[in-house]
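Read the structure below first, then the notes.
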Amino acid sequence: MKIKKFVLVLLALIVIGGVGFYYYQERTDKTLTLYGNVDIRTVNLGFRVNGKLAALQVDEGDTITAGQPLGQLDNAPFVNALNQAKANRDAAKANLAKAEAGYRSEEVAQVRAEVAQKESAFRFADSFLKRQQGLSQRKMISDNDLENAKTGQRQALAAYQAAKDKLRQFEAGSRKEEIAAARAQLAQAEATTAQAELNLHDTLLASPSAGVILTRAIEPGTILAAGNTVFTLSLTNPVWIRAYIDEPNLNQAAAGRDILIYTDGRKNRPYHGKIGFVSPTAEFTPKNVETPDLRTDLVYRLRIIVSDPDAELKQGMPVTLRFAQSHQ
């Protein structure tokens, strides 16, 4: 009888231990399941300058590479503006070179000859005035004749002084202020040329990165304002998953943790990803989030970076996320 009781107690202990071990394993091996949506970044592409759209090289659904030409504006007005800017720049260069070099020896010699001529004219006018003054003292000419002689002498003297000042300027060369002004004009012309070159370059629309054309908003012949959207580009990378986790499981959402990502079309071949961002603030569960727990709880937003994305992952696609609940 005692042996029978012992056997029954032993069996009970074995059953209790087995059940406890089962629940322990169930608890430690249970996988936390989250639900989210694919979040692919999109870019609105347009021209930085305005103009008439001449051509588009791609259409909706096309896969493109970084730097690939997508569209072209009519660039004739920009070519003309660049040519005008280059001409102004060359003229400014010539003016600066002239200011820095000063006057040529031939120009200086010509001014010296002009000074000599003005000096001779002044000496003649001065001599004539003296003769007229002598005649006036003897009352042989009128006061009007004397005044005319004085006027002629003053005009000749002024012309002589002006010629000498001009000679000093030619011999000294350009003033430093004139050279500085010429340099400033050249810098302004070079800046205008650089801007014209940039504007011409921006008449070609190129893709900033690899991706897929989602929308083609306009057609050739359209007059565009700067910044108008021409294409919407879906980027190939990065591809993210937006998901939410409740506070009791928040400790499992450590940045860098590996995540398995399942789609309805690939239930047995998961994508792989890592948690890249955990929101520091809680929010009420969005209506489009499905969780096996209460949906009224506060949750934290997660961003999972997909390590091996492909063309099957589409914007907004629902996905299932799994990782071990025992992670600390």
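Ordering of the structure tokens sets the chain letters (A, B, ...), residue numbers begin anew at 1 in every chain, and ligands are numbered from 1 in the order given.
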
Using only C-alpha atoms, which residues sit within 12 Å of stretch 176-193 of chain A once same-chain residues fewer than 2 positions away are excluded, as number ranges by chain?
A: 78-102, 172-174, 195-200

Determine which residues of stretch 161-282 of chain A receive a DSSP assignment of helix (DSSP H, G or I), computed from the backbone, and state them as a short mmCIF file (atom, residue, chain, number, x, y, z; two decimals) with N, CA and C atoms, in the first residue's frame.
```
data_model
loop_
_atom_site.label_atom_id
_atom_site.label_comp_id
_atom_site.auth_asym_id
_atom_site.auth_seq_id
_atom_site.Cartn_x
_atom_site.Cartn_y
_atom_site.Cartn_z
N GLN A 161 47.37 124.69 -66.77
CA GLN A 161 47.34 123.97 -65.50
C GLN A 161 46.64 122.62 -65.66
N ALA A 162 45.55 122.60 -66.42
CA ALA A 162 44.84 121.34 -66.64
C ALA A 162 45.71 120.33 -67.36
N ALA A 163 46.47 120.79 -68.34
CA ALA A 163 47.36 119.89 -69.08
C ALA A 163 48.45 119.34 -68.17
N LYS A 164 49.00 120.17 -67.30
CA LYS A 164 50.03 119.70 -66.37
C LYS A 164 49.45 118.67 -65.38
N ASP A 165 48.23 118.92 -64.90
CA ASP A 165 47.59 117.95 -64.00
C ASP A 165 47.37 116.60 -64.69
N LYS A 166 46.96 116.67 -65.95
CA LYS A 166 46.75 115.45 -66.71
C LYS A 166 48.06 114.70 -66.90
N LEU A 167 49.13 115.41 -67.11
CA LEU A 167 50.44 114.78 -67.27
C LEU A 167 50.87 114.09 -65.99
N ARG A 168 50.66 114.76 -64.85
CA ARG A 168 51.01 114.12 -63.58
C ARG A 168 50.20 112.83 -63.38
N GLN A 169 48.94 112.85 -63.77
CA GLN A 169 48.10 111.65 -63.64
C GLN A 169 48.62 110.53 -64.53
N PHE A 170 48.97 110.85 -65.76
CA PHE A 170 49.46 109.83 -66.68
C PHE A 170 50.79 109.27 -66.22
N GLU A 171 51.65 110.12 -65.69
CA GLU A 171 52.96 109.66 -65.21
C GLU A 171 52.84 108.82 -63.95
N ALA A 172 51.85 109.12 -63.09
CA ALA A 172 51.67 108.36 -61.84
C ALA A 172 50.91 107.06 -62.07
N LYS A 176 44.96 103.89 -56.77
CA LYS A 176 44.64 102.60 -56.15
C LYS A 176 43.13 102.42 -56.01
N GLU A 177 42.40 103.52 -55.85
CA GLU A 177 40.94 103.42 -55.77
C GLU A 177 40.35 102.93 -57.09
N GLU A 178 40.92 103.40 -58.20
CA GLU A 178 40.43 102.96 -59.51
C GLU A 178 40.73 101.48 -59.74
N ILE A 179 41.90 101.05 -59.29
CA ILE A 179 42.26 99.63 -59.42
C ILE A 179 41.33 98.78 -58.56
N ALA A 180 41.05 99.24 -57.34
CA ALA A 180 40.14 98.50 -56.45
C ALA A 180 38.74 98.41 -57.06
N ALA A 181 38.29 99.50 -57.66
CA ALA A 181 36.97 99.49 -58.30
C ALA A 181 36.95 98.52 -59.48
N ALA A 182 38.04 98.48 -60.25
CA ALA A 182 38.11 97.56 -61.39
C ALA A 182 38.11 96.11 -60.91
N ARG A 183 38.80 95.84 -59.80
CA ARG A 183 38.79 94.48 -59.24
C ARG A 183 37.39 94.08 -58.79
N ALA A 184 36.70 95.02 -58.15
CA ALA A 184 35.34 94.73 -57.68
C ALA A 184 34.40 94.45 -58.86
N GLN A 185 34.55 95.21 -59.94
CA GLN A 185 33.72 94.98 -61.12
C GLN A 185 34.00 93.60 -61.73
N LEU A 186 35.28 93.19 -61.72
CA LEU A 186 35.62 91.87 -62.24
C LEU A 186 35.03 90.77 -61.35
N ALA A 187 35.11 90.94 -60.03
CA ALA A 187 34.55 89.95 -59.12
C ALA A 187 33.05 89.81 -59.33
N GLN A 188 32.38 90.93 -59.52
CA GLN A 188 30.94 90.90 -59.77
C GLN A 188 30.64 90.19 -61.09
N ALA A 189 31.42 90.46 -62.11
CA ALA A 189 31.21 89.82 -63.41
C ALA A 189 31.47 88.31 -63.33
N GLU A 190 32.48 87.91 -62.56
CA GLU A 190 32.77 86.48 -62.39
C GLU A 190 31.64 85.78 -61.64
N ALA A 191 31.07 86.44 -60.62
CA ALA A 191 29.96 85.86 -59.89
C ALA A 191 28.74 85.70 -60.79
N THR A 192 28.48 86.69 -61.62
CA THR A 192 27.36 86.60 -62.56
C THR A 192 27.57 85.46 -63.54
N THR A 193 28.81 85.28 -63.99
CA THR A 193 29.11 84.18 -64.91
C THR A 193 28.92 82.83 -64.25
N ALA A 194 29.38 82.70 -63.01
CA ALA A 194 29.21 81.45 -62.28
C ALA A 194 27.73 81.11 -62.09
N GLN A 195 26.93 82.12 -61.78
CA GLN A 195 25.50 81.89 -61.62
C GLN A 195 24.85 81.48 -62.93
N ALA A 196 25.29 82.11 -64.03
CA ALA A 196 24.74 81.75 -65.34
C ALA A 196 25.12 80.31 -65.71
N GLU A 197 26.33 79.90 -65.38
CA GLU A 197 26.75 78.52 -65.63
C GLU A 197 25.92 77.54 -64.82
N LEU A 198 25.66 77.89 -63.54
CA LEU A 198 24.85 77.03 -62.68
C LEU A 198 23.42 76.93 -63.20
N ASN A 199 22.86 78.05 -63.64
CA ASN A 199 21.50 78.04 -64.18
C ASN A 199 21.42 77.14 -65.42
N LEU A 200 22.43 77.23 -66.28
CA LEU A 200 22.44 76.39 -67.48
C LEU A 200 22.55 74.92 -67.10
N HIS A 201 23.40 74.61 -66.11
CA HIS A 201 23.54 73.23 -65.64
C HIS A 201 22.22 72.70 -65.08
N GLU A 247 4.21 49.39 -23.87
CA GLU A 247 5.20 49.63 -22.81
C GLU A 247 5.69 48.36 -22.12
N PRO A 248 4.84 47.34 -21.87
CA PRO A 248 5.35 46.12 -21.22
C PRO A 248 6.45 45.43 -22.01
N ASN A 249 6.43 45.56 -23.33
CA ASN A 249 7.45 44.91 -24.16
C ASN A 249 8.52 45.88 -24.67
N LEU A 250 8.48 47.11 -24.15
CA LEU A 250 9.40 48.13 -24.66
C LEU A 250 10.86 47.76 -24.44
N ASN A 251 11.14 47.01 -23.36
CA ASN A 251 12.54 46.66 -23.07
C ASN A 251 13.15 45.76 -24.13
N GLN A 252 12.28 45.12 -24.95
CA GLN A 252 12.81 44.25 -26.00
C GLN A 252 13.22 45.03 -27.25
#
```

As JSON, numbers by chain, which residues of stretch 74-279 of chain A does DSSP assign to strand (DSSP E or B)?
{"A": [204, 205, 206, 211, 212, 213, 214, 215, 216, 223, 224, 231, 232, 233, 234, 235, 236, 237, 238, 239, 240, 241, 242, 243, 244, 245, 246, 258, 259, 260, 261, 262, 263, 266, 267, 268, 269, 270, 271, 272, 273, 274, 275, 276, 277, 278]}

Pick the closest to A:Gly71 from A:Lys52, A:Lys139, A:Arg123, A:Arg266: which is it, counting only C-alpha atoms?
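Going through A:Lys52, A:Lys139, A:Arg123, A:Arg266 one by one, the smallest distance to A:Gly71 is for A:Lys52.
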
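Among A:Leu235, A:Ile245, A:Val306, A:Leu214, the residue with the shortest atom-to-atom distance to A:Asp62, counting only C-alpha atoms, is A:Leu214.
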
Shell around A:Tyr300 at 8 Å using only C-alpha atoms, local window under 3 positions removed, as a ChimeraX atom specification:
/A:244-247,250,278-283

Quick one: residues within 7 Å of A:Ala210, only C-alpha atoms, excluding same-chain residues fewer than 4 positions away - as an NGL selection string?
:A and (64-66 or 235-236)

Writing out the chosen residues with C-alpha atoms as a PDB file, in the first residue's frame:
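part_2.pdb, freshly written:
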```
ATOM      1  CA  ILE A  64      16.567  54.587 -62.469  1.00  0.00           C
ATOM      2  CA  THR A  65      20.081  54.997 -61.135  1.00  0.00           C
ATOM      3  CA  ALA A  66      21.732  57.868 -59.299  1.00  0.00           C
ATOM      4  CA  LEU A 235      14.004  55.641 -53.215  1.00  0.00           C
ATOM      5  CA  THR A 236      15.514  52.174 -53.335  1.00  0.00           C
TER       6      THR A 236
END
```

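As for atom CA of A:Ala226 and atom CA of A:Asp74, they are spaced 13.6 Å apart.
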
Would you write out, as a tab-separated table, a table of all residues in stretch 221-296 of chain A that have an atom no more than 7 Å from an atom of stretch 36-41 of chain A, listing for each the closest atom pair and the distance in Å to one decimal, considering only C-alpha atoms and ordering rows by chain and rising residue number?
```
residue	atom	partner	partner_atom	distance
A:Ser234	CA	A:Arg41	CA	6.1
A:Leu235	CA	A:Arg41	CA	5.8
A:Val239	CA	A:Ile40	CA	5.1
A:Trp240	CA	A:Asp39	CA	5.0
A:Ile241	CA	A:Val38	CA	4.6
A:Arg242	CA	A:Gly36	CA	5.4
A:Ala243	CA	A:Gly36	CA	4.2
A:Val289	CA	A:Gly36	CA	6.8
```

Save out the residues we just selected, N, CA, C and O atoms, as a PDB file, in the first residue's frame.
```pdb
ATOM      1  N   SER A 234      10.473  57.132 -55.797  1.00  0.00           N
ATOM      2  CA  SER A 234      10.528  56.239 -54.640  1.00  0.00           C
ATOM      3  C   SER A 234      11.947  55.705 -54.514  1.00  0.00           C
ATOM      4  O   SER A 234      12.468  55.059 -55.431  1.00  0.00           O
ATOM      5  N   LEU A 235      12.596  55.995 -53.389  1.00  0.00           N
ATOM      6  CA  LEU A 235      14.004  55.641 -53.215  1.00  0.00           C
ATOM      7  C   LEU A 235      14.168  54.138 -52.975  1.00  0.00           C
ATOM      8  O   LEU A 235      13.377  53.522 -52.267  1.00  0.00           O
ATOM      9  N   VAL A 239      14.877  51.495 -46.960  1.00  0.00           N
ATOM     10  CA  VAL A 239      13.511  50.992 -46.801  1.00  0.00           C
ATOM     11  C   VAL A 239      13.308  50.719 -45.320  1.00  0.00           C
ATOM     12  O   VAL A 239      14.084  49.976 -44.705  1.00  0.00           O
ATOM     13  N   TRP A 240      12.274  51.313 -44.760  1.00  0.00           N
ATOM     14  CA  TRP A 240      12.012  51.198 -43.329  1.00  0.00           C
ATOM     15  C   TRP A 240      10.678  50.501 -43.096  1.00  0.00           C
ATOM     16  O   TRP A 240       9.817  50.447 -43.960  1.00  0.00           O
ATOM     17  N   ILE A 241      10.531  50.017 -41.891  1.00  0.00           N
ATOM     18  CA  ILE A 241       9.258  49.499 -41.411  1.00  0.00           C
ATOM     19  C   ILE A 241       8.828  50.386 -40.242  1.00  0.00           C
ATOM     20  O   ILE A 241       9.603  50.616 -39.310  1.00  0.00           O
ATOM     21  N   ARG A 242       7.607  50.867 -40.299  1.00  0.00           N
ATOM     22  CA  ARG A 242       7.043  51.630 -39.186  1.00  0.00           C
ATOM     23  C   ARG A 242       6.158  50.679 -38.377  1.00  0.00           C
ATOM     24  O   ARG A 242       5.206  50.085 -38.904  1.00  0.00           O
ATOM     25  N   ALA A 243       6.484  50.512 -37.112  1.00  0.00           N
ATOM     26  CA  ALA A 243       5.726  49.624 -36.230  1.00  0.00           C
ATOM     27  C   ALA A 243       5.584  50.287 -34.861  1.00  0.00           C
ATOM     28  O   ALA A 243       6.212  51.320 -34.581  1.00  0.00           O
ATOM     29  N   VAL A 289      -2.980  50.254 -36.731  1.00  0.00           N
ATOM     30  CA  VAL A 289      -2.048  49.310 -36.118  1.00  0.00           C
ATOM     31  C   VAL A 289      -2.824  48.142 -35.540  1.00  0.00           C
ATOM     32  O   VAL A 289      -3.802  48.336 -34.818  1.00  0.00           O
TER      33      VAL A 289
END
```

Rounded to one decimal in Å, what is the spacing between atom CA of A:Asp143 and atom CA of A:Ala159?
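Between atom CA of A:Asp143 and atom CA of A:Ala159 the gap works out to 24.7 Å.
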
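Atom to atom, atom CA of A:Asp59 and atom CA of A:Pro220 stand 12.2 Å apart.
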
Which is closest to A:Val43 among A:Arg257, A:Val230, A:Ile304, A:Leu73, if we use only C-alpha atoms?
A:Val230

Can you list, as a VMD selection string, every protein, DNA or RNA residue that comes within 10 Å of A:Leu53 when you count only C-alpha atoms, leaving out same-chain residues fewer than 3 positions away?
chain A and resid 47 50 56 71 to 75 203 218 to 224 230

Could you please take those selected residues and save N, CA and C atoms as a compact mmCIF listing (two decimals), in the first residue's frame?
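Dumped to result-v3.txt:
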```txt
# COMPACT_ATOMS: atom_id res chain seq x y z
N PHE A 47 12.89 71.20 -61.40
CA PHE A 47 13.99 72.05 -61.84
C PHE A 47 14.15 73.22 -60.88
N ASN A 50 13.24 78.21 -63.81
CA ASN A 50 12.00 78.12 -64.59
C ASN A 50 12.31 78.06 -66.07
N LEU A 56 11.34 64.72 -71.60
CA LEU A 56 11.44 63.83 -70.44
C LEU A 56 11.95 62.48 -70.92
N GLY A 71 15.07 64.73 -67.33
CA GLY A 71 14.34 65.72 -68.12
C GLY A 71 15.24 66.87 -68.50
N GLN A 72 14.77 67.67 -69.48
CA GLN A 72 15.57 68.78 -69.99
C GLN A 72 14.67 69.97 -70.31
N LEU A 73 15.07 71.16 -69.82
CA LEU A 73 14.40 72.40 -70.19
C LEU A 73 15.00 72.94 -71.49
N ASP A 74 14.25 73.78 -72.17
CA ASP A 74 14.80 74.53 -73.30
C ASP A 74 15.88 75.46 -72.76
N ASN A 75 17.14 75.21 -73.14
CA ASN A 75 18.26 75.93 -72.53
C ASN A 75 18.75 77.13 -73.33
N THR A 203 19.27 73.24 -66.05
CA THR A 203 18.23 72.95 -67.02
C THR A 203 18.15 71.45 -67.30
N ILE A 218 3.92 66.06 -65.31
CA ILE A 218 3.70 66.98 -66.43
C ILE A 218 4.28 66.39 -67.70
N GLU A 219 4.04 67.09 -68.80
CA GLU A 219 4.49 66.62 -70.11
C GLU A 219 5.31 67.72 -70.80
N PRO A 220 6.14 67.36 -71.80
CA PRO A 220 6.93 68.34 -72.54
C PRO A 220 6.06 69.43 -73.15
N GLY A 221 6.61 70.65 -73.17
CA GLY A 221 5.90 71.81 -73.67
C GLY A 221 5.32 72.66 -72.55
N THR A 222 5.29 72.13 -71.33
CA THR A 222 4.75 72.87 -70.19
C THR A 222 5.72 73.96 -69.77
N ILE A 223 5.19 75.15 -69.46
CA ILE A 223 6.01 76.23 -68.91
C ILE A 223 6.04 76.05 -67.40
N LEU A 224 7.22 75.84 -66.87
CA LEU A 224 7.38 75.49 -65.46
C LEU A 224 7.90 76.67 -64.65
N VAL A 230 8.04 67.56 -61.13
CA VAL A 230 8.01 66.88 -62.42
C VAL A 230 7.82 65.39 -62.22
```

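Here the question is which of A:Ala113, A:Leu233, A:Ile275, A:Leu129 gets nearest to A:Gly46 using only C-alpha atoms, and that residue is A:Leu233.
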